[in-house]
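> Just so it is clear, I am handing over upload_15.tsv, which has TSV, C-alpha atoms.
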chain	number	residue	atom	x	y	z
A	147	ASN	CA	0.00	0.00	0.00
A	148	ARG	CA	1.48	3.32	-1.11
A	149	GLN	CA	0.16	6.85	-1.37
A	150	VAL	CA	-1.24	7.29	-4.88
A	151	GLY	CA	-0.93	11.05	-5.30
A	152	SER	CA	-2.41	12.64	-8.41
A	153	THR	CA	-3.23	9.31	-10.06
A	154	PHE	CA	-6.33	9.51	-7.84
A	155	LYS	CA	-7.49	12.82	-9.34
A	156	PRO	CA	-9.20	11.26	-12.39
A	157	PHE	CA	-11.66	9.64	-9.96
A	158	ILE	CA	-12.50	13.12	-8.59
A	159	TYR	CA	-12.93	14.58	-12.06
A	160	ALA	CA	-14.99	11.60	-13.24
A	161	THR	CA	-17.35	11.89	-10.27
A	162	ALA	CA	-17.79	15.64	-10.71
A	163	ILE	CA	-18.39	15.29	-14.46
A	164	GLN	CA	-20.91	12.50	-13.92
A	165	LEU	CA	-22.77	14.48	-11.24
A	166	HIS	CA	-22.68	17.93	-12.83
A	167	GLY	CA	-21.96	17.38	-16.53
A	168	MET	CA	-18.91	19.64	-16.45
A	169	SER	CA	-17.08	20.14	-19.73
A	170	PRO	CA	-13.30	19.60	-20.03
A	171	CYS	CA	-13.27	23.15	-21.39
A	172	MET	CA	-14.78	24.59	-18.20
A	173	GLN	CA	-12.42	27.14	-16.69
A	174	VAL	CA	-11.55	27.33	-13.00
A	175	PRO	CA	-9.23	30.00	-11.54
A	176	ASP	CA	-6.10	28.76	-9.80
A	177	LEU	CA	-6.70	30.36	-6.40
A	178	GLN	CA	-6.16	29.35	-2.78
A	179	ARG	CA	-9.25	27.43	-1.73
A	180	THR	CA	-10.37	26.57	1.77
A	181	ILE	CA	-12.95	24.14	3.08
A	182	TYR	CA	-14.15	25.37	6.46
A	183	PRO	CA	-15.83	23.54	9.35
A	184	GLY	CA	-19.53	23.40	8.54
A	185	ASP	CA	-19.01	23.51	4.77
A	186	GLY	CA	-21.01	20.84	2.96
A	187	ASN	CA	-21.01	17.41	4.58
A	188	PHE	CA	-17.26	17.17	5.09
A	189	GLY	CA	-17.42	17.19	8.89
A	190	LEU	CA	-14.18	19.11	9.31
A	191	ILE	CA	-13.06	20.32	12.72
A	192	ASP	CA	-10.36	22.64	11.32
A	193	ALA	CA	-10.20	24.63	8.10
A	194	TRP	CA	-8.33	22.90	5.25
A	195	SER	CA	-6.31	25.05	2.82
A	196	PRO	CA	-4.00	22.89	0.68
A	197	ARG	CA	-1.27	24.28	-1.56
A	198	ASN	CA	-0.29	23.44	-5.10
A	199	ALA	CA	2.74	21.18	-5.49
A	200	ASP	CA	5.08	24.13	-6.09
A	201	GLY	CA	3.41	26.29	-3.42
A	202	LYS	CA	2.25	28.86	-5.99
A	203	PHE	CA	-1.20	29.99	-7.11
A	204	ARG	CA	-1.21	31.66	-10.52
A	205	GLY	CA	-4.63	33.29	-10.39
A	206	ARG	CA	-5.34	32.57	-14.04
A	207	PRO	CA	-8.06	30.15	-15.12
A	208	TYR	CA	-7.30	26.56	-16.10
A	209	GLU	CA	-9.51	24.43	-18.30
A	210	LEU	CA	-10.35	21.24	-16.46
A	211	ARG	CA	-8.35	19.15	-18.92
A	212	SER	CA	-5.27	21.34	-18.43
A	213	ALA	CA	-5.73	21.33	-14.67
A	214	LEU	CA	-5.79	17.52	-14.70
A	215	LYS	CA	-2.73	17.31	-16.93
A	216	ASN	CA	-0.79	19.72	-14.71
A	217	SER	CA	-2.13	18.28	-11.43
A	218	VAL	CA	-3.37	21.65	-10.18
A	219	ASN	CA	-4.46	20.97	-6.61
A	220	SER	CA	-6.65	24.06	-6.29
A	221	VAL	CA	-8.91	22.83	-9.10
A	222	SER	CA	-9.30	19.40	-7.49
A	223	VAL	CA	-10.31	21.14	-4.26
A	224	PHE	CA	-12.80	23.27	-6.24
A	225	LEU	CA	-14.40	20.10	-7.65
A	226	MET	CA	-14.61	18.62	-4.17
A	227	GLN	CA	-16.31	21.79	-2.93
A	228	GLN	CA	-18.87	21.54	-5.74
A	229	MET	CA	-19.75	17.98	-4.72
A	230	GLY	CA	-20.16	19.01	-1.08
A	231	SER	CA	-19.17	15.60	0.26
A	232	VAL	CA	-16.63	12.83	-0.22
A	233	GLU	CA	-19.40	10.21	-0.41
A	234	PRO	CA	-20.02	10.46	-4.20
A	235	VAL	CA	-16.29	9.91	-4.82
A	236	ILE	CA	-16.17	6.95	-2.44
A	237	GLU	CA	-19.19	5.41	-4.19
A	238	VAL	CA	-17.60	5.72	-7.63
A	239	CYS	CA	-14.25	4.38	-6.38
A	240	THR	CA	-15.95	1.43	-4.69
A	241	ASN	CA	-17.70	0.61	-7.95
A	242	MET	CA	-14.23	0.71	-9.57
A	243	GLY	CA	-13.03	-2.03	-7.23
A	244	ILE	CA	-11.23	0.01	-4.57
A	245	PRO	CA	-11.99	-1.27	-1.05
A	246	LYS	CA	-14.19	1.25	0.75
A	247	GLU	CA	-12.33	0.88	4.03
A	248	LYS	CA	-9.13	2.15	2.38
A	249	LEU	CA	-10.67	5.46	1.29
A	250	PRO	CA	-10.32	8.37	3.75
A	251	LYS	CA	-13.60	10.16	4.45
A	252	GLN	CA	-11.79	13.49	4.27
A	253	PRO	CA	-11.63	16.09	1.47
A	254	SER	CA	-7.88	15.40	1.22
A	255	ILE	CA	-8.94	12.35	-0.77
A	256	CYS	CA	-9.11	14.69	-3.78
A	257	LEU	CA	-5.32	15.10	-3.69
A	258	GLY	CA	-4.58	11.39	-3.52
A	259	ALA	CA	-4.18	10.89	0.22
A	260	ALA	CA	-5.28	7.23	0.00
A	261	ASP	CA	-2.77	4.39	0.32
A	262	LEU	CA	-3.57	1.76	-2.31
A	263	THR	CA	-1.85	-1.02	-4.22
A	264	VAL	CA	-0.83	-1.10	-7.88
A	265	TYR	CA	-3.31	-3.97	-8.28
A	266	GLU	CA	-6.19	-1.83	-6.98
A	267	MET	CA	-5.24	1.23	-9.02
A	268	THR	CA	-4.78	-0.74	-12.22
A	269	GLY	CA	-8.10	-2.49	-11.67
A	270	ALA	CA	-9.87	0.85	-11.14
A	271	TYR	CA	-8.44	2.30	-14.35
A	272	THR	CA	-9.97	-0.60	-16.33
A	273	ALA	CA	-13.25	1.34	-16.11
A	274	PHE	CA	-11.76	4.25	-18.07
A	275	ALA	CA	-10.38	1.87	-20.70
A	276	ASN	CA	-13.53	-0.25	-20.91
A	277	ASN	CA	-16.37	2.21	-21.61
A	278	GLY	CA	-17.04	2.77	-17.92
A	279	THR	CA	-17.12	-0.92	-16.94
A	280	TYR	CA	-14.81	-2.07	-14.15
A	281	SER	CA	-13.16	-5.42	-14.86
A	282	LYS	CA	-11.60	-7.15	-11.87
A	283	PRO	CA	-7.97	-8.18	-12.54
A	284	ILE	CA	-7.42	-11.91	-12.33
A	285	PHE	CA	-4.06	-13.62	-11.72
A	286	ILE	CA	-5.24	-17.23	-11.74
A	287	THR	CA	-8.21	-18.42	-13.79
A	288	ARG	CA	-8.13	-22.11	-12.92
A	289	ILE	CA	-6.18	-24.71	-10.89
A	290	GLU	CA	-6.35	-28.39	-11.70
A	291	ASP	CA	-5.05	-31.38	-9.75
A	292	LYS	CA	-2.85	-34.10	-11.30
A	293	ASN	CA	-5.95	-35.85	-12.66
A	294	GLY	CA	-7.19	-32.76	-14.48
A	295	VAL	CA	-9.98	-32.09	-11.98
A	296	THR	CA	-10.63	-28.40	-11.45
A	297	ILE	CA	-10.15	-27.55	-7.79
A	298	TYR	CA	-10.34	-23.77	-8.18
A	299	SER	CA	-11.70	-21.40	-10.78
A	300	GLU	CA	-12.39	-17.70	-10.89
A	301	GLU	CA	-14.98	-16.09	-13.12
A	302	GLN	CA	-14.50	-12.72	-14.74
A	303	PHE	CA	-16.26	-10.02	-12.68
A	304	GLU	CA	-17.46	-6.81	-14.29
A	305	ARG	CA	-19.55	-3.90	-13.02
A	306	GLN	CA	-20.68	-0.62	-14.55
A	307	ALA	CA	-18.79	2.03	-12.58
A	308	LEU	CA	-19.32	5.12	-14.74
A	309	GLU	CA	-21.91	6.13	-17.28
A	310	GLU	CA	-20.63	5.87	-20.84
A	311	GLU	CA	-20.67	9.58	-21.68
A	312	PRO	CA	-18.83	10.89	-18.59
A	313	ASN	CA	-16.37	8.02	-19.02
A	314	TYR	CA	-15.73	8.98	-22.66
A	315	VAL	CA	-15.07	12.54	-21.55
A	316	MET	CA	-12.57	11.24	-18.99
A	317	THR	CA	-10.89	9.08	-21.62
A	318	GLU	CA	-10.41	12.16	-23.78
A	319	MET	CA	-9.00	14.08	-20.80
A	320	LEU	CA	-6.60	11.25	-19.97
A	321	LYS	CA	-5.41	11.17	-23.60
A	322	TYR	CA	-4.70	14.89	-23.31
A	323	ALA	CA	-2.93	14.40	-19.98
A	324	ALA	CA	-0.72	11.61	-21.37
A	325	GLY	CA	0.50	13.79	-24.21
A	326	GLY	CA	0.69	11.10	-26.91
A	327	MET	CA	3.96	9.56	-25.66
A	328	GLY	CA	5.18	8.87	-29.20
A	329	LEU	CA	3.37	5.52	-29.40
A	330	LYS	CA	1.29	3.95	-32.16
A	331	SER	CA	-1.44	3.05	-29.67
A	332	GLU	CA	-4.17	5.41	-28.52
A	333	VAL	CA	-3.01	6.11	-24.96
A	334	GLY	CA	-4.36	8.01	-21.99
A	335	GLY	CA	-2.71	8.36	-18.62
A	336	LYS	CA	-2.00	10.23	-15.44
A	337	THR	CA	1.14	10.82	-13.43
A	338	GLY	CA	1.32	10.77	-9.65
A	339	THR	CA	3.87	12.21	-7.23
A	340	THR	CA	3.61	11.83	-3.47
A	341	ASN	CA	4.80	13.83	-0.47
A	342	ASN	CA	8.58	14.28	-0.30
A	343	TYR	CA	8.92	12.58	-3.73
A	344	VAL	CA	8.77	9.13	-2.18
A	345	ASP	CA	6.50	7.49	-4.78
A	346	GLY	CA	6.27	8.03	-8.53
A	347	TRP	CA	3.29	6.70	-10.48
A	348	PHE	CA	2.03	6.53	-14.01
A	349	MET	CA	-1.30	4.94	-14.87
A	350	ALA	CA	-1.85	4.28	-18.57
A	351	ILE	CA	-4.91	3.13	-20.51
A	352	THR	CA	-5.21	1.83	-24.04
A	353	PRO	CA	-8.38	0.29	-25.58
A	354	SER	CA	-7.13	-3.22	-24.74
A	355	LEU	CA	-4.56	-2.83	-21.99
A	356	VAL	CA	-4.17	-1.00	-18.69
A	357	VAL	CA	-0.66	-0.49	-17.29
A	358	GLY	CA	0.01	0.62	-13.73
A	359	THR	CA	3.57	1.64	-12.88
A	360	TRP	CA	4.87	2.51	-9.42
A	361	VAL	CA	8.47	3.47	-8.67
A	362	GLY	CA	9.91	3.86	-5.20
A	363	GLY	CA	11.89	2.23	-2.43
A	364	GLU	CA	10.48	-0.44	-0.17
A	365	ASP	CA	11.51	1.79	2.74
A	366	ARG	CA	9.85	5.17	2.47
A	367	TRP	CA	12.98	7.09	3.48
A	368	ILE	CA	14.35	6.22	0.03
A	369	ARG	CA	13.37	9.20	-2.10
A	370	PHE	CA	14.48	11.93	-4.46
A	371	LEU	CA	15.24	15.38	-3.08
A	372	SER	CA	13.47	17.56	-5.64
A	373	LEU	CA	10.29	17.65	-7.71
A	374	ALA	CA	12.38	17.85	-10.88
A	375	GLU	CA	13.64	14.28	-10.43
A	376	GLY	CA	11.05	12.87	-8.05
A	377	GLN	CA	7.87	13.40	-10.06
A	378	GLY	CA	5.94	10.58	-11.68
A	379	SER	CA	6.65	11.83	-15.20
A	380	LYS	CA	10.36	11.23	-14.60
A	381	MET	CA	10.21	8.22	-12.29
A	382	ALA	CA	7.42	6.06	-13.73
A	383	LYS	CA	6.22	7.30	-17.12
A	384	PRO	CA	9.40	6.29	-19.04
A	385	PHE	CA	9.00	2.66	-17.88
A	386	THR	CA	5.40	2.60	-19.11
A	387	LYS	CA	6.35	4.09	-22.46
A	388	GLU	CA	9.16	1.58	-23.02
A	389	PHE	CA	6.94	-1.33	-22.00
A	390	LEU	CA	4.16	-0.31	-24.41
A	391	LYS	CA	6.68	0.15	-27.22
A	392	ARG	CA	7.84	-3.41	-26.71
A	393	VAL	CA	4.28	-4.74	-26.59
A	394	GLU	CA	3.44	-2.91	-29.83
A	395	SER	CA	6.39	-4.50	-31.62
A	396	ASP	CA	5.93	-8.02	-30.20
A	397	GLU	CA	4.16	-10.14	-32.81
A	398	ASN	CA	3.46	-12.82	-30.21
A	399	ALA	CA	1.70	-10.44	-27.84
A	400	ASP	CA	-2.08	-10.51	-27.77
A	401	TYR	CA	-2.24	-6.76	-28.33
A	402	ASP	CA	-3.79	-4.62	-31.06
A	403	TRP	CA	-2.21	-1.16	-31.24
A	404	LYS	CA	-4.74	-0.18	-33.93
A	405	ALA	CA	-7.66	-0.40	-31.48
A	406	ARG	CA	-9.40	2.86	-30.55
A	407	PHE	CA	-11.59	3.89	-27.62
A	408	PRO	CA	-15.33	3.63	-28.43
A	409	ARG	CA	-17.41	6.81	-28.64
A	410	PRO	CA	-20.99	6.71	-27.31
A	411	GLY	CA	-23.64	6.90	-29.99
A	412	GLY	CA	-25.60	10.07	-30.70
A	413	ASP	CA	-24.75	13.62	-29.76
A	414	LEU	CA	-22.78	14.22	-26.58
A	415	SER	CA	-24.49	16.35	-23.96
A	416	ILE	CA	-21.10	17.27	-22.48
A	417	GLY	CA	-19.09	19.58	-24.71
A	418	LEU	CA	-15.54	18.58	-25.56
Now that the file is in, can you turn its structure into structure tokens?


Amino acid sequence: NRQVGSTFKPFIYATAIQLHGMSPCMQVPDLQRTIYPGDGNFGLIDAWSPRNADGKFRGRPYELRSALKNSVNSVSVFLMQQMGSVEPVIEVCTNMGIPKEKLPKQPSICLGAADLTVYEMTGAYTAFANNGTYSKPIFITRIEDKNGVTIYSEEQFERQALEEEPNYVMTEMLKYAAGGMGLKSEVGGKTGTTNNYVDGWFMAITPSLVVGTWVGGEDRWIRFLSLAEGQGSKMAKPFTKEFLKRVESDENADYDWKARFPRPGGDLSIGL
């Protein structure tokens, strides 16, 4: 279990978009934001005023898609304020396979305060890659004894976690956040950097494959000393890119780099 940082933010955005139909083009000023005791249903005892990663607030507006790409904390806090409670986020995350007991019932959840496993994060991101449907990762499908008798089997488990249209919007935002990566595949993704640059993450989605990458030391005192070297885009994203390049070029791999994310039928009610 490791802190997931900004790789959690897509869950916040997805919940807000599903609840309020927000467009990726919606603009939110980068300002200091505070959630006070008595605000919404957060149940805070003390006021909470988080900073951006670099400690600066630029004042200018960010489109939601740019705020996600740049991991602007103030915009994530704004979205949390609009929802008025952490419960909608917890419900969505639970539907995406994340154990409810591991999700803090605090607004800091919007900045990735949860400690989760790569298994849980990768499983959750299957919903983004799979038209909003969570698909539980499976390591072992069947075990047989020496006589060929099945003594264990596991069935594929799927559950609709997000509505198709909000999920498609999130897929487009994750593609923008990933920045192309120089691959033949259609790829979306999100970086994550944790406190004191201890953990670096990159979560990637393609239409047929989800890749979760975590980089760090088993002991949490092992870390980089600056954001320049300790951010997920430097620690984890290069591994994901190299891995996908190899999968694309491996003729024996069950992988189709020509696959594309499906678009819901009809006109979208959420502007892109």

> How close does each residue of region 327-351 of chain A get to region 318-321 of chain A, giving the shortest atom pair and distance in Å to one decimal for every residue with an atom at most 6 Å away, counting all atoms listed in the file, sorted by chain and residue number, as a tab-separated table?


residue	atom	partner	partner_atom	distance
A:Val333	CA	A:Lys321	CA	5.8
A:Gly334	CA	A:Lys321	CA	3.7
A:Gly335	CA	A:Leu320	CA	5.0

> Put those residues in a file: C-alpha atoms, as a tab-separated table (two decimals), keeping the file's coordinate frame.


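Final output, saved to again_22.tsv:
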chain	number	residue	atom	x	y	z
A	333	VAL	CA	-3.01	6.11	-24.96
A	334	GLY	CA	-4.36	8.01	-21.99
A	335	GLY	CA	-2.71	8.36	-18.62

> Rank nothing, just name the residue among A:Phe203, A:Gly294, A:Lys330, A:Thr359 nearest to Arg392 (chain A), using only C-alpha atoms.

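That would be A:Lys330, the residue with the smallest distance to Arg392 (chain A).
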
> As a ChimeraX atom specification, please: the residues near Ala323 (chain A) (cut-off 9 Å, all atoms listed in the file, same-chain neighbours under 5 positions excluded).

/A:211-212,214-216,318,334-337

> Using all atoms listed in the file, tabulate the residues of region 240-356 of chain A lying at most 7 Å from any atom of region 399-407 of chain A, each with its closest atom pair and that distance in Å to one decimal, by chain and increasing residue number, as a tab-separated table.


residue	atom	partner	partner_atom	distance
A:Lys330	CA	A:Trp403	CA	6.3
A:Ser331	CA	A:Trp403	CA	4.6
A:Glu332	CA	A:Arg406	CA	6.2
A:Pro353	CA	A:Phe407	CA	5.2

> Could you tell me how far CA of Gly184 (chain A) sits from CA of Phe224 (chain A), in Å to one decimal place?

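Straight-line distance from CA of Phe224 (chain A) to CA of Gly184 (chain A) works out to 16.2 Å.
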
> Env of Thr263 (chain A): 10 Å cut, atoms = all atoms listed in the file, seq-sep filter 5 positions within chain, self excluded. Answer as a PDB file with C-alpha atoms, keeping the file's coordinate frame.


ATOM      1  CA  ASN A 147       0.000   0.000   0.000  1.00  0.00           C
ATOM      2  CA  ARG A 148       1.480   3.320  -1.110  1.00  0.00           C
ATOM      3  CA  GLN A 149       0.160   6.850  -1.370  1.00  0.00           C
ATOM      4  CA  VAL A 150      -1.240   7.290  -4.880  1.00  0.00           C
ATOM      5  CA  ILE A 244     -11.230   0.010  -4.570  1.00  0.00           C
ATOM      6  CA  THR A 268      -4.780  -0.740 -12.220  1.00  0.00           C
ATOM      7  CA  GLY A 269      -8.100  -2.490 -11.670  1.00  0.00           C
ATOM      8  CA  GLY A 358       0.010   0.620 -13.730  1.00  0.00           C
ATOM      9  CA  TRP A 360       4.870   2.510  -9.420  1.00  0.00           C
TER      10      TRP A 360
END

> Which is closest to Tyr280 (chain A) among A:Asp413, A:Glu304, A:Glu266, A:Asp396, if we use all atoms listed in the file?

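Using all atoms listed in the file, Tyr280 (chain A) sits closest to A:Glu304.
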
> Take CA of Leu371 (chain A) and CA of Asp345 (chain A) and report the distance between them in Å, one decimal.

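Distance reported for this atom pair: 11.9 Å.
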
> From (-12.1, 11.6, 4.2), in the file's coordinates, out to 10 Å: which residues are reached, counting all atoms listed in the file? Answer as a VMD selection string.

chain A and resid 188 to 190 231 to 233 236 249 to 256 259 to 260

> Kindly save the residues from that selection, with C-alpha atoms included, as a compact mmCIF listing (two decimals), keeping the file's coordinate frame.


# COMPACT_ATOMS: atom_id res chain seq x y z
CA PHE A 188 -17.26 17.17 5.09
CA GLY A 189 -17.42 17.19 8.89
CA LEU A 190 -14.18 19.11 9.31
CA SER A 231 -19.17 15.60 0.26
CA VAL A 232 -16.63 12.83 -0.22
CA GLU A 233 -19.40 10.21 -0.41
CA ILE A 236 -16.17 6.95 -2.44
CA LEU A 249 -10.67 5.46 1.29
CA PRO A 250 -10.32 8.37 3.75
CA LYS A 251 -13.60 10.16 4.45
CA GLN A 252 -11.79 13.49 4.27
CA PRO A 253 -11.63 16.09 1.47
CA SER A 254 -7.88 15.40 1.22
CA ILE A 255 -8.94 12.35 -0.77
CA CYS A 256 -9.11 14.69 -3.78
CA ALA A 259 -4.18 10.89 0.22
CA ALA A 260 -5.28 7.23 0.00

> CA of Tyr343 (chain A) and CA of Gly376 (chain A) are how many Å apart?

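Atom-to-atom, CA of Tyr343 (chain A) to CA of Gly376 (chain A), that is 4.8 Å.
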
> Taking all atoms listed in the file into account, which of A:Val361, A:Met381, A:Ile416, A:Leu225 comes nearest Lys155 (chain A)?

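Ranked by minimum distance to Lys155 (chain A), first place goes to A:Leu225.
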
> Name all residues at most 6 Å from region 274-279 of chain A (count all atoms listed in the file; drop same-chain ones fewer than 4 positions away) and give them as a list in words.

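My reading of the contact set: Arg305, Gln306, Ala307, Leu308, Glu309, Glu310, Asn313, Ile351 and Pro353 of chain A.
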
> Between A:Lys387, A:Thr296, A:Ile158, A:Trp367, which has the minimum distance to Gly325 (chain A) (counting all atoms listed in the file)?

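The answer is A:Lys387, which sits nearest to Gly325 (chain A).
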
> Might I get the box with edges along x, y and z of the file that holds all atoms of region 264-274 of chain A listed there, padded by 4 Å on every side, given as centre and edge lengths in Å to one decimal, as AutoDock Vina command-line options?


--center_x -7.0 --center_y 0.1 --center_z -12.5 --size_x 20.4 --size_y 16.2 --size_z 19.1

> Residues within 12 Å of Gly346 (chain A), please, as an MDAnalysis selection string. Count only C-alpha atoms; anything in the same chain fewer than 5 positions from it doesn't count.

chainID A and resid 148:153 264 336:341 358:363 366 368:370 373:386

> Could you please take those selected residues and save C-alpha atoms as a PDB file, in the coordinates of the input?


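Everything below was put into part.pdb:
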ATOM      1  CA  ARG A 148       1.480   3.320  -1.110  1.00  0.00           C
ATOM      2  CA  GLN A 149       0.160   6.850  -1.370  1.00  0.00           C
ATOM      3  CA  VAL A 150      -1.240   7.290  -4.880  1.00  0.00           C
ATOM      4  CA  GLY A 151      -0.930  11.050  -5.300  1.00  0.00           C
ATOM      5  CA  SER A 152      -2.410  12.640  -8.410  1.00  0.00           C
ATOM      6  CA  THR A 153      -3.230   9.310 -10.060  1.00  0.00           C
ATOM      7  CA  VAL A 264      -0.830  -1.100  -7.880  1.00  0.00           C
ATOM      8  CA  LYS A 336      -2.000  10.230 -15.440  1.00  0.00           C
ATOM      9  CA  THR A 337       1.140  10.820 -13.430  1.00  0.00           C
ATOM     10  CA  GLY A 338       1.320  10.770  -9.650  1.00  0.00           C
ATOM     11  CA  THR A 339       3.870  12.210  -7.230  1.00  0.00           C
ATOM     12  CA  THR A 340       3.610  11.830  -3.470  1.00  0.00           C
ATOM     13  CA  ASN A 341       4.800  13.830  -0.470  1.00  0.00           C
ATOM     14  CA  GLY A 358       0.010   0.620 -13.730  1.00  0.00           C
ATOM     15  CA  THR A 359       3.570   1.640 -12.880  1.00  0.00           C
ATOM     16  CA  TRP A 360       4.870   2.510  -9.420  1.00  0.00           C
ATOM     17  CA  VAL A 361       8.470   3.470  -8.670  1.00  0.00           C
ATOM     18  CA  GLY A 362       9.910   3.860  -5.200  1.00  0.00           C
ATOM     19  CA  GLY A 363      11.890   2.230  -2.430  1.00  0.00           C
ATOM     20  CA  ARG A 366       9.850   5.170   2.470  1.00  0.00           C
ATOM     21  CA  ILE A 368      14.350   6.220   0.030  1.00  0.00           C
ATOM     22  CA  ARG A 369      13.370   9.200  -2.100  1.00  0.00           C
ATOM     23  CA  PHE A 370      14.480  11.930  -4.460  1.00  0.00           C
ATOM     24  CA  LEU A 373      10.290  17.650  -7.710  1.00  0.00           C
ATOM     25  CA  ALA A 374      12.380  17.850 -10.880  1.00  0.00           C
ATOM     26  CA  GLU A 375      13.640  14.280 -10.430  1.00  0.00           C
ATOM     27  CA  GLY A 376      11.050  12.870  -8.050  1.00  0.00           C
ATOM     28  CA  GLN A 377       7.870  13.400 -10.060  1.00  0.00           C
ATOM     29  CA  GLY A 378       5.940  10.580 -11.680  1.00  0.00           C
ATOM     30  CA  SER A 379       6.650  11.830 -15.200  1.00  0.00           C
ATOM     31  CA  LYS A 380      10.360  11.230 -14.600  1.00  0.00           C
ATOM     32  CA  MET A 381      10.210   8.220 -12.290  1.00  0.00           C
ATOM     33  CA  ALA A 382       7.420   6.060 -13.730  1.00  0.00           C
ATOM     34  CA  LYS A 383       6.220   7.300 -17.120  1.00  0.00           C
ATOM     35  CA  PRO A 384       9.400   6.290 -19.040  1.00  0.00           C
ATOM     36  CA  PHE A 385       9.000   2.660 -17.880  1.00  0.00           C
ATOM     37  CA  THR A 386       5.400   2.600 -19.110  1.00  0.00           C
TER      38      THR A 386
END

> Would you mind telling me which residue in A:Ser395, A:Gln227, A:Pro312, A:Asp261 lies nearest to Lys248 (chain A) when using all atoms listed in the file?

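Of the candidates, the smallest distance to Lys248 (chain A) is held by A:Asp261.
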